[in-house]
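my_file.txt (compact mmCIF, C-alpha atoms and all ligand atoms) appears below.
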# COMPACT_ATOMS: atom_id res chain seq x y z
CA MET O 1 7.69 35.09 -131.78
CA LYS O 2 6.93 38.74 -132.18
CA ARG O 3 5.85 39.02 -128.58
CA PHE O 4 9.12 37.63 -127.27
CA LYS O 5 11.21 39.69 -129.63
CA THR O 6 9.44 42.86 -128.71
CA LEU O 7 10.79 42.37 -125.22
CA THR O 8 14.24 43.55 -126.14
CA ALA O 9 12.72 46.43 -128.03
CA ILE O 10 10.23 47.20 -125.30
CA VAL O 11 10.05 50.80 -124.26
CA LEU O 12 12.67 50.34 -121.60
CA ALA O 13 12.70 53.95 -120.58
CA SER O 14 9.09 53.84 -119.56
CA PHE O 15 9.56 50.49 -117.89
CA MET O 16 12.39 51.91 -115.81
CA ALA O 17 10.24 54.90 -115.00
CA PHE O 18 7.56 52.57 -113.71
CA GLN O 19 10.10 50.69 -111.63
CA MET O 20 11.39 53.92 -110.12
CA VAL O 21 7.92 55.10 -109.33
CA GLY O 22 7.34 51.67 -107.81
CA CYS O 23 10.32 52.07 -105.50
CA GLY O 24 8.81 55.04 -103.73
CA GLY O 25 6.18 53.40 -101.59
CA SER O 26 7.34 49.88 -101.88
CA ALA O 27 8.20 49.04 -98.31
CA ASP O 28 4.90 47.28 -97.75
CA GLN O 29 5.29 45.03 -100.70
CA THR O 30 8.79 43.96 -99.70
CA THR O 31 7.41 43.04 -96.32
CA ASP O 32 4.58 41.09 -97.92
CA GLU O 33 6.96 39.17 -100.07
CA ASN O 34 9.17 38.29 -97.14
CA ALA O 35 6.20 37.02 -95.22
CA SER O 36 5.99 33.35 -94.36
CA ALA O 37 4.98 30.97 -97.10
CA GLU O 38 2.71 28.98 -94.84
CA GLU O 39 -0.22 29.14 -97.25
CA SER O 40 1.94 27.33 -99.76
CA ALA O 41 0.74 24.06 -101.16
CA ASP O 42 2.30 21.08 -99.51
CA VAL O 43 4.76 20.00 -102.12
CA GLU O 44 7.93 18.09 -101.49
CA ASN O 45 10.92 19.35 -103.38
CA SER O 46 13.31 16.76 -104.76
CA GLU O 47 16.16 16.47 -107.22
CA ASP O 48 14.23 15.19 -110.21
CA LYS O 49 11.39 17.68 -109.90
CA LEU O 50 11.05 21.28 -110.92
CA VAL O 51 8.59 22.73 -108.43
CA TRP O 52 7.00 25.88 -109.80
CA ALA O 53 5.09 28.15 -107.50
CA THR O 54 2.10 30.00 -108.86
CA ASN O 55 -1.28 31.47 -108.02
CA ALA O 56 -3.76 29.78 -110.35
CA GLU O 57 -6.26 32.62 -110.38
CA PHE O 58 -4.94 34.36 -113.43
CA GLU O 59 -6.41 33.23 -116.73
CA PRO O 60 -4.91 32.85 -119.34
CA TYR O 61 -1.54 32.52 -117.54
CA GLU O 62 -2.55 30.04 -114.83
CA TYR O 63 -6.02 28.87 -113.93
CA ARG O 64 -7.91 25.74 -113.04
CA ASP O 65 -9.68 23.75 -115.68
CA GLY O 66 -11.41 20.97 -113.80
CA GLY O 67 -8.80 19.86 -111.30
CA GLU O 68 -5.90 20.75 -113.52
CA ILE O 69 -3.82 23.92 -113.57
CA VAL O 70 -3.47 25.06 -117.16
CA GLY O 71 -2.45 28.18 -119.06
CA ILE O 72 0.55 29.88 -120.64
CA ASP O 73 2.73 29.62 -117.53
CA ALA O 74 1.75 25.99 -116.93
CA GLU O 75 2.86 25.11 -120.46
CA ILE O 76 6.08 27.12 -120.11
CA ALA O 77 6.83 25.36 -116.80
CA ASP O 78 6.19 21.92 -118.30
CA GLU O 79 8.32 22.68 -121.31
CA ILE O 80 11.25 24.04 -119.31
CA ALA O 81 11.10 21.08 -116.92
CA SER O 82 11.16 18.61 -119.77
CA ARG O 83 14.08 20.40 -121.44
CA LEU O 84 15.95 20.19 -118.13
CA GLY O 85 15.14 16.49 -117.78
CA LEU O 86 12.89 17.18 -114.79
CA GLU O 87 9.27 16.61 -113.90
CA ALA O 88 7.23 19.78 -113.41
CA GLU O 89 5.24 19.93 -110.19
CA VAL O 90 2.99 22.85 -109.44
CA ALA O 91 2.59 24.47 -106.02
CA ASP O 92 -0.50 26.69 -106.02
CA MET O 93 -0.51 29.39 -103.33
CA ASN O 94 -1.40 32.99 -102.61
CA PHE O 95 0.40 35.38 -104.92
CA ASP O 96 2.33 37.06 -102.11
CA SER O 97 3.64 33.68 -100.93
CA ILE O 98 5.38 32.87 -104.21
CA ILE O 99 8.61 34.81 -103.66
CA PRO O 100 8.97 33.54 -100.07
CA ALA O 101 8.47 29.99 -101.43
CA VAL O 102 11.28 30.53 -103.94
CA THR O 103 13.69 32.15 -101.48
CA SER O 104 13.07 29.40 -98.90
CA GLY O 105 13.64 26.63 -101.45
CA LYS O 106 10.13 25.28 -101.04
CA ALA O 107 9.70 25.93 -104.75
CA ASP O 108 12.45 26.04 -107.37
CA ILE O 109 10.91 28.81 -109.42
CA GLY O 110 7.95 31.16 -109.50
CA ILE O 111 5.96 31.45 -112.73
CA ALA O 112 2.85 33.51 -112.19
CA GLY O 113 2.52 36.28 -114.73
CA MET O 114 5.02 37.86 -112.39
CA THR O 115 6.32 41.29 -113.26
CA VAL O 116 9.98 42.12 -112.81
CA THR O 117 10.25 44.90 -110.22
CA GLU O 118 13.16 46.45 -108.35
CA ASP O 119 11.67 45.30 -105.06
CA ARG O 120 11.39 41.69 -106.11
CA LEU O 121 14.91 41.79 -107.55
CA GLN O 122 16.16 42.37 -104.03
CA ASN O 123 14.88 38.91 -103.09
CA VAL O 124 15.08 36.80 -106.25
CA ASN O 125 16.68 36.70 -109.68
CA PHE O 126 14.49 36.91 -112.75
CA SER O 127 14.93 35.06 -116.03
CA THR O 128 14.86 36.80 -119.37
CA PRO O 129 11.35 38.25 -119.67
CA TYR O 130 9.05 36.10 -121.81
CA ILE O 131 6.21 38.53 -122.49
CA ASN O 132 5.18 42.10 -121.84
CA ALA O 133 1.99 43.23 -120.17
CA GLY O 134 0.32 46.17 -118.50
CA GLN O 135 -2.25 47.08 -115.87
CA ALA O 136 -5.78 47.52 -117.20
CA ILE O 137 -8.91 49.06 -115.67
CA ILE O 138 -12.23 47.18 -115.44
CA VAL O 139 -15.38 49.21 -114.76
CA PRO O 140 -19.15 48.66 -114.89
CA GLU O 141 -20.48 48.73 -118.45
CA ASP O 142 -22.34 52.02 -117.91
CA SER O 143 -19.41 53.76 -116.22
CA ASP O 144 -17.99 57.08 -117.51
CA ILE O 145 -14.49 56.13 -116.36
CA THR O 146 -12.21 55.95 -119.38
CA GLY O 147 -8.73 56.06 -117.91
CA GLU O 148 -6.37 56.81 -115.08
CA ASP O 149 -7.43 60.44 -114.50
CA ASP O 150 -10.98 59.33 -113.77
CA LEU O 151 -9.84 57.03 -110.96
CA VAL O 152 -8.85 59.83 -108.57
CA GLY O 153 -10.78 59.65 -105.32
CA LEU O 154 -12.51 56.35 -106.11
CA THR O 155 -12.56 52.93 -104.44
CA ILE O 156 -10.41 50.57 -106.46
CA GLY O 157 -10.06 46.81 -106.14
CA VAL O 158 -6.73 45.06 -106.74
CA GLN O 159 -5.11 41.70 -106.07
CA LEU O 160 -2.99 41.96 -102.92
CA GLY O 161 0.73 42.38 -103.48
CA THR O 162 0.54 42.75 -107.24
CA THR O 163 1.92 45.53 -109.39
CA GLY O 164 -1.69 46.70 -109.81
CA ASP O 165 -1.86 47.14 -106.03
CA LEU O 166 1.47 48.97 -106.02
CA TYR O 167 0.59 51.23 -108.93
CA VAL O 168 -2.79 52.33 -107.61
CA THR O 169 -1.45 52.81 -104.09
CA ASP O 170 1.50 54.92 -105.22
CA ASN O 171 0.13 56.83 -108.16
CA ILE O 172 -3.56 57.56 -107.94
CA ALA O 173 -4.55 60.29 -105.53
CA ASP O 174 -7.13 59.94 -102.77
CA THR O 175 -8.18 56.39 -103.58
CA THR O 176 -9.43 53.75 -101.21
CA VAL O 177 -7.60 50.59 -102.24
CA GLU O 178 -9.47 47.36 -101.54
CA ARG O 179 -7.03 44.44 -101.61
CA TYR O 180 -8.32 40.96 -102.41
CA THR O 181 -6.49 37.63 -102.27
CA LYS O 182 -7.87 36.70 -105.69
CA GLY O 183 -8.46 38.90 -108.72
CA PHE O 184 -11.82 37.17 -109.06
CA GLU O 185 -12.91 38.51 -105.66
CA ALA O 186 -12.18 42.06 -106.81
CA VAL O 187 -14.32 41.49 -109.89
CA GLN O 188 -17.13 40.09 -107.73
CA ALA O 189 -17.01 43.21 -105.56
CA LEU O 190 -17.23 45.34 -108.71
CA LEU O 191 -20.23 43.38 -109.95
CA GLN O 192 -21.88 43.89 -106.56
CA GLY O 193 -21.30 47.65 -106.73
CA LYS O 194 -18.99 47.63 -103.70
CA ILE O 195 -16.09 49.24 -105.56
CA ASP O 196 -15.78 51.58 -108.56
CA ALA O 197 -13.10 49.85 -110.61
CA VAL O 198 -10.63 46.96 -110.67
CA VAL O 199 -7.01 47.39 -111.72
CA ILE O 200 -5.47 44.13 -112.91
CA ASP O 201 -3.19 42.86 -115.68
CA GLY O 202 -4.59 43.18 -119.19
CA GLU O 203 -5.08 39.56 -120.25
CA PRO O 204 -6.77 38.45 -117.01
CA ALA O 205 -8.89 41.61 -117.30
CA LYS O 206 -10.03 40.49 -120.75
CA ALA O 207 -10.81 37.02 -119.41
CA PHE O 208 -12.92 38.46 -116.56
CA VAL O 209 -14.81 40.76 -118.92
CA LYS O 210 -15.51 37.85 -121.24
CA LEU O 211 -16.80 35.67 -118.41
CA ASN O 212 -18.98 38.26 -116.67
CA GLU O 213 -21.76 40.39 -118.05
CA GLY O 214 -22.07 44.04 -117.10
CA ILE O 215 -18.40 45.04 -117.01
CA LYS O 216 -15.97 46.43 -119.57
CA MET O 217 -12.29 47.26 -119.92
CA CYS O 218 -10.95 50.77 -120.52
CA ASP O 219 -8.77 51.15 -123.61
CA ASP O 220 -5.85 52.77 -121.83
CA TYR O 221 -3.29 50.74 -119.92
CA LEU O 222 -1.63 52.19 -116.82
CA THR O 223 1.79 50.57 -117.06
CA VAL O 224 4.26 48.74 -119.24
CA GLU O 225 5.61 45.63 -117.51
CA GLU O 226 7.57 42.46 -118.25
CA TYR O 227 6.79 38.98 -116.97
CA ALA O 228 9.68 36.71 -116.06
CA ILE O 229 10.44 33.61 -114.02
CA ALA O 230 11.62 34.09 -110.43
CA VAL O 231 14.59 31.96 -109.35
CA SER O 232 16.42 31.82 -106.03
CA LYS O 233 19.50 34.03 -105.83
CA ASP O 234 21.33 30.92 -104.57
CA ASN O 235 20.75 29.08 -107.82
CA GLU O 236 22.56 30.87 -110.63
CA GLU O 237 22.97 27.57 -112.44
CA LEU O 238 19.21 27.05 -112.64
CA LEU O 239 18.78 30.63 -113.83
CA ASP O 240 21.24 29.99 -116.68
CA GLN O 241 19.51 26.73 -117.60
CA ILE O 242 16.12 28.44 -117.65
CA ASN O 243 17.41 31.31 -119.76
CA SER O 244 18.87 28.95 -122.31
CA ALA O 245 15.68 26.86 -122.37
CA LEU O 246 13.68 30.06 -122.94
CA ALA O 247 16.04 31.16 -125.72
CA ASP O 248 15.66 27.75 -127.39
CA MET O 249 11.90 27.91 -126.98
CA GLU O 250 11.87 31.27 -128.69
CA GLU O 251 14.14 30.02 -131.44
CA ASP O 252 12.17 26.87 -132.23
CA GLY O 253 8.74 28.48 -132.09
CA THR O 254 7.55 26.80 -128.88
CA LEU O 255 6.86 30.07 -127.10
CA THR O 256 4.96 31.49 -130.03
CA ALA O 257 2.83 28.35 -130.23
CA ILE O 258 1.99 28.60 -126.51
CA PHE O 259 1.10 32.30 -126.76
CA ASP O 260 -0.99 31.72 -129.89
CA LYS O 261 -2.91 28.93 -128.18
CA TYR O 262 -4.04 31.17 -125.31
CA LEU O 263 -3.88 34.67 -126.76
CA GLY O 264 -5.18 34.07 -130.27
CA ASP O 265 -3.26 35.53 -133.19
CA GLY O 266 -1.51 38.16 -131.15
CA GLU O 267 -3.52 41.08 -132.48
CA ASP O 268 -5.55 41.42 -129.35
CA THR O 269 -3.13 40.96 -126.48
CA ASP O 270 -1.27 42.84 -123.82
CA GLU O 271 0.88 44.17 -126.62
CA ALA O 272 -1.52 47.07 -126.44
CA ALA O 273 0.52 48.02 -123.42
CA ASP O 274 3.39 48.76 -125.76
CA SER O 275 1.47 51.56 -127.38
CA ASP O 276 3.03 54.98 -127.21
CA GLU O 277 0.04 56.11 -125.26
CA ALA O 278 0.62 53.65 -122.41
CA ALA O 279 4.33 54.43 -122.47
CA GLU O 280 3.71 58.14 -122.21
CA GLU O 281 1.31 57.71 -119.34
CA THR O 282 3.77 55.61 -117.43
CA THR O 283 6.65 57.99 -118.06
CA ALA O 284 4.53 60.93 -117.12
CA GLU O 285 4.09 59.63 -113.59
N1 LIG P 1 1.79 40.98 -112.95
C1 LIG P 1 1.32 41.25 -111.64
C2 LIG P 1 2.46 41.18 -110.65
O1 LIG P 1 3.46 40.61 -110.92
C3 LIG P 1 0.20 40.33 -111.21
C4 LIG P 1 0.49 38.88 -111.25
C5 LIG P 1 -0.59 38.05 -110.61
N2 LIG P 1 -0.38 36.68 -110.93
C6 LIG P 1 -1.16 35.66 -110.48
N3 LIG P 1 -0.87 34.46 -110.87
N4 LIG P 1 -2.16 35.90 -109.70
O2 LIG P 1 2.37 41.67 -109.57
I need this file expressed as structure tokens, please.
Amino acid sequence: MKRFKTLTAIVLASFMAFQMVGCGGSADQTTDENASAEESADVENSEDKLVWATNAEFEPYEYRDGGEIVGIDAEIADEIASRLGLEAEVADMNFDSIIPAVTSGKADIGIAGMTVTEDRLQNVNFSTPYINAGQAIIVPEDSDITGEDDLVGLTIGVQLGTTGDLYVTDNIADTTVERYTKGFEAVQALLQGKIDAVVIDGEPAKAFVKLNEGIKMCDDYLTVEEYAIAVSKDNEELLDQINSALADMEEDGTLTAIFDKYLGDGEDTDEAADSDEAAEETTAE
């Protein structure tokens, strides 16, 4: 519950600052997100289904466990669908195909640990944010890098089209940005010594560090962000239904239960991104 409630209290000033910074060099990303959705999974949309587009490479939000796509966003999608009397159907695709899938109607919504940004708001509507997050830095265990200032001039891996990509590209001087389709590929490149650091959202960063020996996460986060559900601008009714389902899920404890299942007791989550330190860094940009 706390996580959801903190959203209204989130350091909005710093969030806005991040968005404004993001606007500067954002042309590329807008282009990416308008690109064709041809990589999209072949899913047929129909009246009784709620097709949710995602990129299941993002534990604990969406990832594959056996053949199944599980995680926080998968549970949120299932729960919203059932509250709307619909059957949830997942469409797994590249991250930068999700917004095109939503705008084209191939998917009804996008749920993908997706950060609300000014750029994306030009193409889709976003629901009420359901959790806050921030970009984290992963480095080799023996690295001296401790935070943003140490990244200047280095080769940094990101997932293509994400806010990590945008932030590093726009804010860190003299870097070579290596863009990978999957966050996992960036981590592989780091493990192979091909790049100096990976910038990716905090919870997936923790999952990668847990799964792979020889890497660690820096304490400082680079941004303060909010995740929300992307909905077509042509479907205000669905947006309202999703917002009221989310409000009910907050009210009756469903959201808290989902977060607790995947994030533990909440002490060790992306809430770290709310810290004054992260807020100051973001505002300072
Ligand atoms: N929060 C970041 C963004 O919105 C990264 C999201 C990546 N999500 C994923 N399912 N791969 O750009």
10 Å contact set for Ala189 (chain O), all atoms listed in the file, chain neighbours under 3 positions out, as a compact mmCIF listing (two decimals) with C-alpha atoms, in the frame of the given file:
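Saved to selection22.txt:
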# COMPACT_ATOMS: atom_id res chain seq x y z
CA ILE O 156 -10.41 50.57 -106.46
CA GLY O 157 -10.06 46.81 -106.14
CA GLU O 178 -9.47 47.36 -101.54
CA TYR O 180 -8.32 40.96 -102.41
CA PHE O 184 -11.82 37.17 -109.06
CA GLU O 185 -12.91 38.51 -105.66
CA ALA O 186 -12.18 42.06 -106.81
CA GLN O 192 -21.88 43.89 -106.56
CA GLY O 193 -21.30 47.65 -106.73
CA LYS O 194 -18.99 47.63 -103.70
CA ILE O 195 -16.09 49.24 -105.56
CA ASP O 196 -15.78 51.58 -108.56
CA ALA O 197 -13.10 49.85 -110.61
CA VAL O 198 -10.63 46.96 -110.67
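In this structure, CA of Ile172 (chain O) sits 7.0 Å away from CA of Leu151 (chain O).
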Practice item. Could you give me the residues within 10 Å of ligand LIG 1 (chain P), counting all atoms listed in the file, as a PyMOL selection string? Key: chain O and resi 29+53-63+73+92-96+98+110-117+120+132-135+158-167+181-184+200-202+204+225-228
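If only C-alpha atoms are the atoms counted, then among O:Asp248, O:Gly66, O:Ile215, O:Gly253 the closest residue to Asp142 (chain O) is O:Ile215.
Nearest to Ser104 (chain O) of all the residues O:Val168, O:Val231, O:Met217, O:Val139 is O:Val231, based on all atoms listed in the file.
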Practice item. Give me the residues within 10 Å of Ser244 (chain O) as a PyMOL selection string, counting all atoms listed in the file and dropping any in the same chain fewer than 5 places off. Key: chain O and resi 80+83+127-128+238-239+249-250
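Atom pair CA of Ile69 (chain O) / CA of Val90 (chain O): separated by 8.0 Å.
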Study note, to complete from the structure: If you count all atoms listed in the file, the residue of O:Ser97, O:Thr256, O:Thr103, O:Ser82 closest to Ile242 (chain O) turns out to be O:Ser82
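Separating CA of Asp48 (chain O) from CA of Ala245 (chain O) is a distance of 16.9 Å.
Distance annotation: of O:Leu154, O:Thr175, O:Ala205, O:Ile99, the residue with the minimal separation from Leu121 (chain O) is O:Ile99; atom set is all atoms listed in the file.
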Practice item. In the coordinates of the file, take the point (-13.9, 51.4, -119.3) and a cut-off of 12 Å; then, counting only C-alpha atoms, name each qualifying protein, DNA or RNA residue as a PyMOL selection string. Key: chain O and resi 136-148+150-151+196-199+205-206+209+214-221
Practice item. Go through O:Ala91, O:Asp240, O:Ser46, O:Glu79 and flag the residue nearest Thr254 (chain O), using all atoms listed in the file for the distances. Key: O:Glu79
